[in-house]
file structure13.txt (compact mmCIF, C-alpha atoms)
# COMPACT_ATOMS: atom_id res chain seq x y z
CA MET L 66 48.33 -20.84 -22.25
CA ALA L 67 46.17 -23.28 -24.21
CA ILE L 68 42.47 -22.52 -23.78
CA ASP L 69 41.01 -24.71 -26.56
CA THR L 70 39.09 -26.85 -24.05
CA VAL L 71 38.02 -24.06 -21.71
CA PRO L 72 34.30 -23.20 -22.07
CA PRO L 73 33.98 -19.92 -24.02
CA LEU L 74 32.38 -17.84 -21.25
CA ILE L 75 35.02 -18.96 -18.74
CA ALA L 76 37.86 -18.47 -21.24
CA ALA L 77 36.73 -14.90 -21.96
CA GLN L 78 36.81 -13.97 -18.28
CA LEU L 79 40.16 -15.67 -17.68
CA ASN L 80 41.77 -14.00 -20.69
CA TYR L 81 40.48 -10.61 -19.60
CA LEU L 82 41.85 -11.14 -16.10
CA ILE L 83 45.34 -12.05 -17.35
CA SER L 84 45.56 -9.18 -19.85
CA HIS L 85 43.98 -6.37 -17.76
CA CYS L 86 44.90 -7.15 -14.14
CA PRO L 87 46.84 -4.26 -12.51
CA PHE L 88 49.16 -6.79 -10.83
CA SER L 89 50.91 -9.74 -12.43
CA VAL L 90 48.53 -12.66 -11.84
CA LYS L 91 49.39 -16.06 -13.30
CA VAL L 92 47.60 -19.38 -13.87
CA GLU L 93 49.52 -22.24 -12.27
CA LEU L 94 47.24 -25.20 -12.95
CA MET L 95 44.05 -25.99 -14.86
CA TRP L 96 41.87 -29.07 -14.48
CA SER L 97 38.37 -30.43 -15.04
CA GLY L 98 35.74 -30.91 -12.37
CA CYS L 99 32.94 -32.27 -14.55
CA LYS L 100 32.09 -35.57 -16.20
CA ASN L 101 33.69 -34.43 -19.45
CA PRO L 102 37.42 -34.33 -18.56
CA SER L 103 38.22 -32.37 -21.72
CA LEU L 104 36.42 -29.29 -20.33
CA LEU L 105 38.79 -27.34 -18.09
CA ASP L 106 36.64 -25.34 -15.69
CA ARG L 107 38.92 -24.96 -12.65
CA PHE L 108 42.29 -23.30 -12.19
CA THR L 109 44.74 -22.05 -9.59
CA LEU L 110 45.66 -18.37 -9.62
CA VAL L 111 49.04 -17.22 -8.31
CA ILE L 112 48.51 -13.69 -6.97
CA PRO L 113 51.34 -11.40 -5.78
CA TYR L 114 50.96 -10.22 -2.21
CA CYS L 115 53.39 -8.65 0.26
CA LEU L 116 56.43 -9.51 -1.91
CA ASP L 117 55.33 -13.14 -2.00
CA TYR L 118 52.40 -15.04 -3.49
CA ILE L 119 49.05 -16.39 -2.41
CA LYS L 120 47.27 -19.15 -4.34
CA TRP L 121 43.52 -19.29 -4.82
CA ASP L 122 41.53 -21.94 -6.66
CA VAL L 123 38.80 -20.61 -8.95
CA VAL L 124 36.09 -23.24 -9.39
CA TYR L 125 33.57 -22.85 -12.20
CA ASN L 126 31.10 -25.50 -13.32
CA ALA L 127 31.29 -26.20 -17.06
CA MET L 128 27.76 -27.64 -16.94
CA TYR L 129 26.45 -24.33 -15.53
CA PRO L 130 28.74 -21.66 -17.08
CA LEU L 131 26.31 -18.85 -16.23
CA ALA L 132 26.89 -19.39 -12.49
CA ALA L 133 29.46 -17.45 -10.50
CA PRO L 134 32.61 -19.37 -9.53
CA ASP L 135 33.58 -20.48 -6.05
CA ILE L 136 36.91 -19.24 -4.70
CA ILE L 137 38.91 -21.56 -2.44
CA PHE L 138 41.58 -19.84 -0.38
CA GLY L 139 44.78 -21.42 0.93
CA PRO L 140 44.76 -23.71 3.99
CA GLU L 141 46.64 -21.10 6.03
CA ASP L 142 43.75 -18.63 5.52
CA GLU L 143 40.83 -20.65 6.87
CA SER L 144 39.62 -17.64 8.89
CA PHE L 145 39.50 -15.41 5.80
CA GLN L 146 35.79 -15.33 4.98
CA PRO L 147 35.04 -12.12 3.06
CA VAL L 148 31.53 -13.29 2.14
CA TYR L 149 30.47 -13.13 5.80
CA GLY L 150 31.70 -9.64 6.55
CA GLY L 151 32.54 -6.28 5.09
CA ASN L 152 30.53 -3.99 2.91
CA GLU L 153 27.32 -5.62 1.69
CA LYS L 154 26.92 -3.30 -1.31
CA SER L 155 30.46 -3.95 -2.53
CA ARG L 156 29.92 -7.69 -2.18
CA LYS L 157 26.80 -7.64 -4.35
CA SER L 158 28.67 -5.84 -7.14
CA SER L 159 30.79 -8.90 -7.84
CA LEU L 160 28.93 -12.04 -6.77
CA ALA L 161 25.25 -11.46 -6.02
CA ASP L 162 24.81 -9.61 -9.31
CA TRP L 163 27.07 -11.92 -11.33
CA ASN L 164 26.99 -11.51 -15.10
CA SER L 165 28.82 -14.34 -16.85
CA LYS L 166 28.69 -12.50 -20.20
CA ASP L 167 30.74 -9.61 -18.80
CA PRO L 168 34.41 -10.59 -19.40
CA ALA L 169 35.60 -8.12 -16.72
CA ARG L 170 33.58 -9.71 -13.91
CA LEU L 171 36.24 -12.20 -12.75
CA LEU L 172 38.84 -9.41 -12.70
CA SER L 173 36.56 -7.28 -10.52
CA LEU L 174 36.03 -10.20 -8.15
CA ILE L 175 39.75 -10.98 -7.75
CA ILE L 176 40.63 -7.32 -7.14
CA GLU L 177 37.83 -7.03 -4.58
CA LEU L 178 38.92 -10.19 -2.77
CA ARG L 179 42.58 -9.13 -2.74
CA ASP L 180 41.58 -5.78 -1.22
CA ALA L 181 39.57 -7.69 1.40
CA TYR L 182 42.61 -9.90 2.04
CA ILE L 183 44.77 -6.82 2.70
CA ALA L 184 42.24 -5.62 5.29
CA TYR L 185 42.01 -9.14 6.78
CA GLN L 186 45.77 -9.38 7.31
CA ARG L 187 45.87 -5.96 8.90
CA ARG L 188 43.09 -6.90 11.33
CA ARG L 189 44.99 -10.06 12.29
CA ILE L 190 48.14 -8.08 13.02
CA GLU L 191 46.32 -5.34 14.95
CA GLU L 192 44.91 -8.05 17.26
CA VAL L 193 48.40 -9.29 18.20
CA ASP L 194 49.44 -8.38 21.75
CA ASP L 195 52.61 -6.57 20.74
CA ASP L 196 53.07 -2.89 21.56
CA ARG L 197 55.89 -2.50 19.06
CA LEU L 198 53.75 -3.73 16.17
CA LYS L 199 50.83 -1.51 17.17
CA PHE L 200 53.15 1.49 17.21
CA GLU L 201 54.68 0.56 13.83
CA ILE L 202 51.23 0.35 12.22
CA SER L 203 50.03 3.62 13.76
CA THR L 204 53.08 5.54 12.50
CA MET L 205 52.81 4.22 8.94
CA LEU L 206 49.10 4.84 8.35
CA SER L 207 49.77 7.87 6.16
CA ARG L 208 51.74 5.88 3.57
CA GLU L 209 49.75 4.35 0.73
CA GLY L 210 50.22 0.87 -0.67
CA ILE L 211 51.65 -0.84 2.42
CA GLU L 212 50.89 -4.57 2.64
CA MET L 213 51.42 -6.74 5.70
CA TYR L 214 51.32 -10.45 6.41
CA MET L 215 51.58 -12.55 9.56
CA THR L 216 53.17 -15.98 9.32
CA SER L 217 52.62 -18.65 11.92
CA GLY L 218 52.99 -22.39 12.24
CA THR L 219 54.63 -25.17 14.19
CA ASP L 220 57.62 -25.35 11.84
CA LYS L 221 58.46 -21.63 11.75
CA PRO L 222 58.49 -18.72 14.20
CA GLU L 223 55.66 -16.25 14.24
CA GLU L 224 56.57 -12.99 12.54
CA VAL L 225 55.02 -10.05 10.73
CA LYS L 226 56.18 -8.86 7.32
CA PHE L 227 55.63 -5.38 5.93
CA ALA L 228 56.07 -4.49 2.25
CA VAL L 229 56.58 -0.72 2.03
CA PRO L 230 56.63 0.91 -1.45
CA LEU L 231 59.39 3.50 -1.81
CA LEU L 232 59.93 6.60 -3.95
CA ASP L 233 56.84 8.49 -5.05
CA MET L 234 57.89 8.63 -8.70
CA GLU L 235 56.90 6.89 -11.94
CA LEU L 236 59.87 4.60 -12.45
CA ASN L 237 58.45 3.31 -15.76
CA LYS L 238 59.26 6.68 -17.35
CA LEU L 239 62.97 6.25 -16.63
CA VAL L 240 63.26 3.98 -19.67
CA ALA L 241 62.09 5.56 -22.92
CA GLY L 242 59.93 3.21 -24.99
CA SER L 243 59.52 0.76 -22.12
CA THR L 244 56.96 -2.00 -22.74
CA TRP L 245 56.45 -2.68 -19.03
CA ARG L 246 52.72 -3.19 -18.50
CA HIS L 247 52.71 -3.01 -14.71
CA PRO L 248 54.00 -0.09 -12.60
CA GLN L 249 57.57 -0.71 -11.45
CA LYS L 250 58.29 -0.29 -7.74
CA ILE L 251 61.05 -0.62 -5.19
CA TYR L 252 59.98 -1.97 -1.80
CA LEU L 253 61.48 -2.24 1.64
CA GLN L 254 60.63 -5.54 3.32
CA VAL L 255 60.57 -5.19 7.11
CA VAL L 256 60.19 -8.36 9.20
CA PHE L 257 59.45 -8.20 12.94
CA PRO L 258 59.43 -11.20 15.32
CA VAL L 259 56.21 -11.57 17.30
CA GLY L 260 55.76 -12.36 20.97
CA LYS L 261 59.35 -11.87 22.13
CA LYS L 262 59.22 -9.57 25.15
CA GLN L 263 62.62 -7.93 25.45
CA SER L 264 63.73 -4.70 27.13
CA THR L 265 65.63 -3.75 23.96
CA PRO L 266 63.83 -5.19 20.93
CA PRO L 267 66.17 -6.45 18.21
CA PRO L 268 66.18 -4.58 14.91
CA PRO L 269 63.91 -6.02 12.23
CA ARG L 270 65.22 -7.88 9.22
CA LEU L 271 65.45 -5.50 6.28
CA LYS L 272 65.63 -6.24 2.58
CA LEU L 273 65.33 -4.09 -0.52
CA VAL L 274 63.18 -5.70 -3.22
CA SER L 275 62.32 -4.62 -6.76
CA SER L 276 60.51 -6.13 -9.71
CA ALA L 277 62.58 -8.24 -12.11
CA GLU L 278 62.06 -5.72 -14.92
CA LEU L 279 63.41 -2.86 -12.82
CA LYS L 280 66.67 -4.70 -12.19
CA ALA L 281 67.64 -3.85 -15.77
CA ILE L 282 68.19 -0.23 -14.70
CA PHE L 283 68.88 -0.57 -10.96
CA SER L 284 70.72 -3.42 -9.24
CA ILE L 285 69.42 -3.48 -5.68
CA GLU L 286 72.13 -6.00 -4.75
CA ASP L 287 74.71 -3.19 -4.99
CA PHE L 288 72.78 -0.86 -2.70
CA ARG L 289 73.82 -0.75 0.95
CA LEU L 290 70.96 -0.12 3.36
CA PRO L 291 71.49 2.55 6.03
CA PRO L 292 71.88 1.25 9.61
CA TRP L 293 68.85 0.76 11.84
CA LEU L 294 69.50 2.70 15.06
CA ASP L 295 68.38 1.59 18.54
CA GLY L 296 64.85 2.68 19.33
CA MET L 297 64.10 3.51 15.70
CA CYS L 298 60.78 2.76 14.00
CA THR L 299 60.12 2.21 10.30
CA ALA L 300 58.58 5.67 9.83
CA GLU L 301 61.86 7.21 11.04
CA TYR L 302 63.98 4.91 8.88
CA LEU L 303 62.21 5.51 5.56
CA PRO L 304 63.12 9.19 4.85
CA THR L 305 66.87 8.49 5.02
CA LEU L 306 66.50 5.40 2.86
CA GLU L 307 64.44 7.20 0.22
CA GLU L 308 66.87 10.13 0.15
CA MET L 309 69.73 7.70 -0.51
CA LEU L 310 67.77 5.94 -3.26
CA GLU L 311 66.87 9.20 -5.00
CA SER L 312 70.57 10.10 -5.18
CA GLN L 313 71.48 6.91 -7.06
CA VAL L 314 72.07 6.56 -10.79
CA PHE L 315 69.16 4.38 -11.88
CA CYS L 316 70.05 3.69 -15.50
CA ARG L 317 73.37 1.97 -14.88
CA ARG L 318 73.52 -0.40 -17.84
CA ALA L 319 73.91 0.52 -21.49
CA THR L 320 74.54 -1.42 -24.71
CA PHE L 321 75.87 -0.11 -28.02
CA LEU L 322 75.98 -1.78 -31.42
CA ALA L 323 79.42 -1.49 -33.05
CA SER L 324 81.21 -2.87 -36.09
CA SER L 325 84.72 -3.34 -37.44
CA GLY L 326 84.56 -4.15 -41.13
CA VAL L 327 82.00 -6.95 -41.48
CA PHE L 328 82.34 -7.97 -37.82
CA THR L 329 79.42 -6.63 -35.73
CA PHE L 330 79.31 -6.84 -31.96
CA LEU L 331 77.67 -5.36 -28.88
CA VAL L 332 79.46 -3.31 -26.23
CA HIS L 333 77.93 -3.67 -22.74
CA PHE L 334 78.63 -1.09 -20.02
CA SER L 335 77.60 -1.48 -16.36
CA LEU L 336 78.05 1.37 -13.87
CA SER L 337 78.59 0.71 -10.17
CA LEU L 338 77.20 2.98 -7.46
CA GLN L 339 80.73 4.41 -7.15
CA PHE L 340 80.85 5.58 -10.79
CA PRO L 341 82.72 7.63 -11.99
CA LYS L 342 85.21 7.10 -9.17
CA GLN L 343 85.13 3.43 -10.13
CA GLN L 344 85.43 2.58 -13.80
CA ALA L 345 82.52 1.03 -15.67
CA GLY L 346 82.34 -2.70 -16.31
CA LEU L 347 82.92 -3.48 -19.98
CA THR L 348 82.16 -6.66 -21.96
CA LEU L 349 81.86 -7.46 -25.66
CA GLN L 350 79.31 -9.79 -27.28
CA SER L 351 79.45 -11.07 -30.83
CA SER L 352 76.42 -10.78 -33.10
CA GLN L 353 77.80 -13.50 -35.39
CA HIS L 354 79.36 -16.18 -33.17
CA PHE L 355 77.57 -18.65 -30.88
CA ASN L 356 78.77 -21.29 -28.45
CA SER L 357 77.74 -24.96 -28.39
CA ASN L 358 74.60 -24.05 -26.41
CA GLY L 359 73.50 -21.56 -29.05
CA MET L 360 74.29 -18.54 -26.85
CA PRO L 361 76.17 -15.49 -28.23
CA VAL L 362 79.89 -15.51 -27.44
CA LYS L 363 80.88 -12.93 -24.81
CA SER L 364 84.25 -11.68 -23.65
CA PRO L 365 85.36 -11.73 -20.02
CA ASN L 366 85.00 -8.43 -18.16
CA LEU L 367 87.56 -6.01 -19.66
CA ALA L 368 89.12 -4.06 -16.81
CA GLU L 369 92.46 -3.05 -18.33
CA TYR L 370 91.27 -0.11 -20.40
CA PRO L 371 92.43 3.51 -19.82
CA TRP L 372 90.43 5.23 -17.11
CA SER L 373 90.65 8.16 -14.72
CA PRO L 374 87.81 9.76 -12.75
CA ARG L 375 89.53 13.12 -13.30
CA TRP L 376 88.95 13.03 -17.07
CA GLU L 377 86.12 14.93 -18.68
CA PRO L 378 83.31 12.70 -20.08
CA SER L 379 84.40 13.45 -23.65
CA GLU L 380 87.94 12.25 -22.91
CA MET L 381 86.60 9.11 -21.21
CA ALA L 382 84.60 8.31 -24.36
CA ASP L 383 87.54 8.98 -26.70
CA ARG L 384 89.88 6.75 -24.69
CA ILE L 385 87.36 3.91 -24.60
CA PHE L 386 86.73 4.26 -28.34
CA ASP L 387 90.45 3.97 -29.09
CA PHE L 388 90.72 0.95 -26.81
CA LEU L 389 87.76 -0.78 -28.48
CA ALA L 390 89.17 -0.18 -31.96
CA ASP L 391 92.08 -2.47 -31.06
CA GLU L 392 90.32 -4.80 -28.62
CA CYS L 393 87.54 -5.74 -31.07
CA LEU L 394 90.19 -7.36 -33.33
CA ASN L 395 91.37 -9.52 -30.42
CA PHE L 396 87.76 -10.38 -29.61
CA LYS L 397 87.02 -11.37 -33.22
CA LYS L 398 90.06 -13.67 -33.18
CA TYR L 399 88.89 -15.16 -29.88
CA CYS L 400 85.41 -15.83 -31.34
CA ASN L 401 86.82 -17.51 -34.48
CA GLN L 402 89.13 -19.73 -32.43
CA LEU L 403 86.27 -20.73 -30.12
CA ASN L 404 84.09 -21.81 -33.04
CA GLN L 405 86.92 -23.90 -34.53
CA GLN L 406 87.31 -26.03 -31.42
call {"tool": "encode", "arguments": {"input": "structure13.txt", "output": "C-alpha cells"}}
result
Amino acid sequence: MAIDTVPPLIAAQLNYLISHCPFSVKVELMWSGCKNPSLLDRFTLVIPYCLDYIKWDVVYNAMYPLAAPDIIFGPEDESFQPVYGGNEKSRKSSLADWNSKDPARLLSLIIELRDAYIAYQRRRIEEVDDDRLKFEISTMLSREGIEMYMTSGTDKPEEVKFAVPLLDMELNKLVAGSTWRHPQKIYLQVVFPVGKKQSTPPPPRLKLVSSAELKAIFSIEDFRLPPWLDGMCTAEYLPTLEEMLESQVFCRRATFLASSGVFTFLVHFSLSLQFPKQQAGLTLQSSQHFNSNGMPVKSPNLAEYPWSPRWEPSEMADRIFDFLADECLNFKKYCNQLNQQ
C-alpha cells in the first residue's frame, strides 16, 4: 500500500492498525477529502465479521490531523449508533480522550467499535419474535467467540446467521515454523430463516468454513457434516461435529524435494479422509521446467502406483520410492518434450 501522500500522523495510525490488528483488516480504497487532492485522508476498511465482511469509512481531516476521525458505517446499519449508548467510560477511552500521536489509537477504536457491533447484532436478533432463535441463543451462551448477523431487505429473505468457532485447540501449532500471524479457526456457519411459523421447523443451512491458510493442512470440502436430526438445536449438534473433526488427520498434504542425477523435482502427496484405506494422491512438479505461462510443469495425478492398506508404513514408503525411481525418468522426458513444442 502506497502511503507517500498520507499525512504522517494518519499514516502512522493506519500502519499500526494493519500490522497489529488481531483480525485481518484490509484497506479497500483511499481518497482525499480536502482542497489538496494529493493528501489522502479518508479510506474504507474491510473488516471480517461473521464469516463475511463489513465496510466502514474512516474519515480524517488532513487540515486538522490532531482531530479524531469520523467513522461512517454501512447503509444497512443505520441504527448502529455506538456513540449514543453503551459504556460511557469505555467510549471516552477511544474518542473523547483522542491522542493523535499515539499510533495504537485507531486500532483501539476499531476493536472497540467491532465489539459494540457484535453486541448490536445480538440485540437485534434477541428482539425478533421467533421462539426458535431465542432458544438457540440461550443454549449457546456458554460458548465464546460466537458472532451473529441478521440480514433483511426487499430482495432477499430475512435470516439469521451464526458463526460458531469449533475445536478448543491452537491450530497454528499443527504446522511447525508457521508464519501465520492470525489465529487459525474452523467455524460452523448456521443459517436460520426468520418469521416462518411452521409446526416442524426446517433444519438450518449448515456449512463448514475455515481460513484460507488452514486449508493447506485441512480440506473442509472433503469433510461430510453429520446429519441434523428433527428437533435438534445447535448446542446438541456441536459435540458430535467437534468429535468427528478431532478424529481427522489435519496435516494431509506433504511435499518432498527429490532428484535423479541433475534433474530435481518435487513430490506432492495428498491424503484423503479415508487414508490409508484409500491411497494417497501423488503428483510430480519439476524445479527446472516451466510452461508458456511461467508456471512449473506438473504431472497428472499418478494413481497407478503399488498400494495396499494392509502394508506396514515402511513397506508403503519403499514401494513408492521404487515407483518414483522409474517414474521420474518418464516425467523428465515429458517435461523436455513439453518445452520443445
call {"tool": "residues_around", "arguments": {"input": "structure13.txt", "residues": "range 305-309 of chain L", "least_positions_apart": "3", "cutoff": "8 Å", "atoms": "all atoms listed in the file", "output": "list of chain:residue names"}}
result
L:Leu231, L:Leu232, L:Leu290, L:Pro291, L:Glu301, L:Tyr302, L:Ser312, L:Gln313
call {"tool": "residues_around", "arguments": {"input": "structure13.txt", "residues": "Leu394 in chain L", "least_positions_apart": "3", "cutoff": "12 Å", "atoms": "all atoms listed in the file", "output": "PDB file with C-alpha atoms, in the coordinates of the input"}}
result
ATOM      1  CA  SER L 324      81.210  -2.870 -36.090  1.00  0.00           C
ATOM      2  CA  SER L 325      84.720  -3.340 -37.440  1.00  0.00           C
ATOM      3  CA  GLY L 326      84.560  -4.150 -41.130  1.00  0.00           C
ATOM      4  CA  VAL L 327      82.000  -6.950 -41.480  1.00  0.00           C
ATOM      5  CA  PHE L 328      82.340  -7.970 -37.820  1.00  0.00           C
ATOM      6  CA  THR L 329      79.420  -6.630 -35.730  1.00  0.00           C
ATOM      7  CA  PHE L 330      79.310  -6.840 -31.960  1.00  0.00           C
ATOM      8  CA  LEU L 349      81.860  -7.460 -25.660  1.00  0.00           C
ATOM      9  CA  SER L 351      79.450 -11.070 -30.830  1.00  0.00           C
ATOM     10  CA  PHE L 388      90.720   0.950 -26.810  1.00  0.00           C
ATOM     11  CA  LEU L 389      87.760  -0.780 -28.480  1.00  0.00           C
ATOM     12  CA  ALA L 390      89.170  -0.180 -31.960  1.00  0.00           C
ATOM     13  CA  ASP L 391      92.080  -2.470 -31.060  1.00  0.00           C
ATOM     14  CA  LYS L 397      87.020 -11.370 -33.220  1.00  0.00           C
ATOM     15  CA  LYS L 398      90.060 -13.670 -33.180  1.00  0.00           C
ATOM     16  CA  TYR L 399      88.890 -15.160 -29.880  1.00  0.00           C
ATOM     17  CA  CYS L 400      85.410 -15.830 -31.340  1.00  0.00           C
ATOM     18  CA  ASN L 401      86.820 -17.510 -34.480  1.00  0.00           C
TER      19      ASN L 401
END
call {"tool": "atom_distance", "arguments": {"input": "structure13.txt", "atom1": "CA of Pro374 in chain L", "atom2": "CA of Pro341 in chain L"}}
result
5.6 Å
call {"tool": "closest_atom_pairs", "arguments": {"input": "structure13.txt", "of": "range 267-355 of chain L", "to": "range 105-117 of chain L", "cutoff": "10 Å", "atoms": "all atoms listed in the file", "output": "tab-separated table"}}
result
residue	atom	partner	partner_atom	distance
L:Val274	CA	L:Leu116	CA	7.9
L:Ser275	CA	L:Leu116	CA	9.1
L:Ser276	CA	L:Leu116	CA	9.4
call {"tool": "closest_residue", "arguments": {"input": "structure13.txt", "among": "L:Ile136, L:Met213, L:Ala76, L:Met205", "to": "Ile190 in chain L", "atoms": "all atoms listed in the file"}}
result
L:Met213
call {"tool": "closest_residue", "arguments": {"input": "structure13.txt", "among": "L:Ala161, L:Pro230, L:Leu310, L:Ser352", "to": "Arg208 in chain L", "atoms": "only C-alpha atoms"}}
result
L:Pro230
call {"tool": "atom_distance", "arguments": {"input": "structure13.txt", "atom1": "CA of Ser337 in chain L", "atom2": "CA of Gln353 in chain L"}}
result
29.0 Å
call {"tool": "atom_distance", "arguments": {"input": "structure13.txt", "atom1": "CA of Glu224 in chain L", "atom2": "CA of Phe257 in chain L"}}
result
5.6 Å
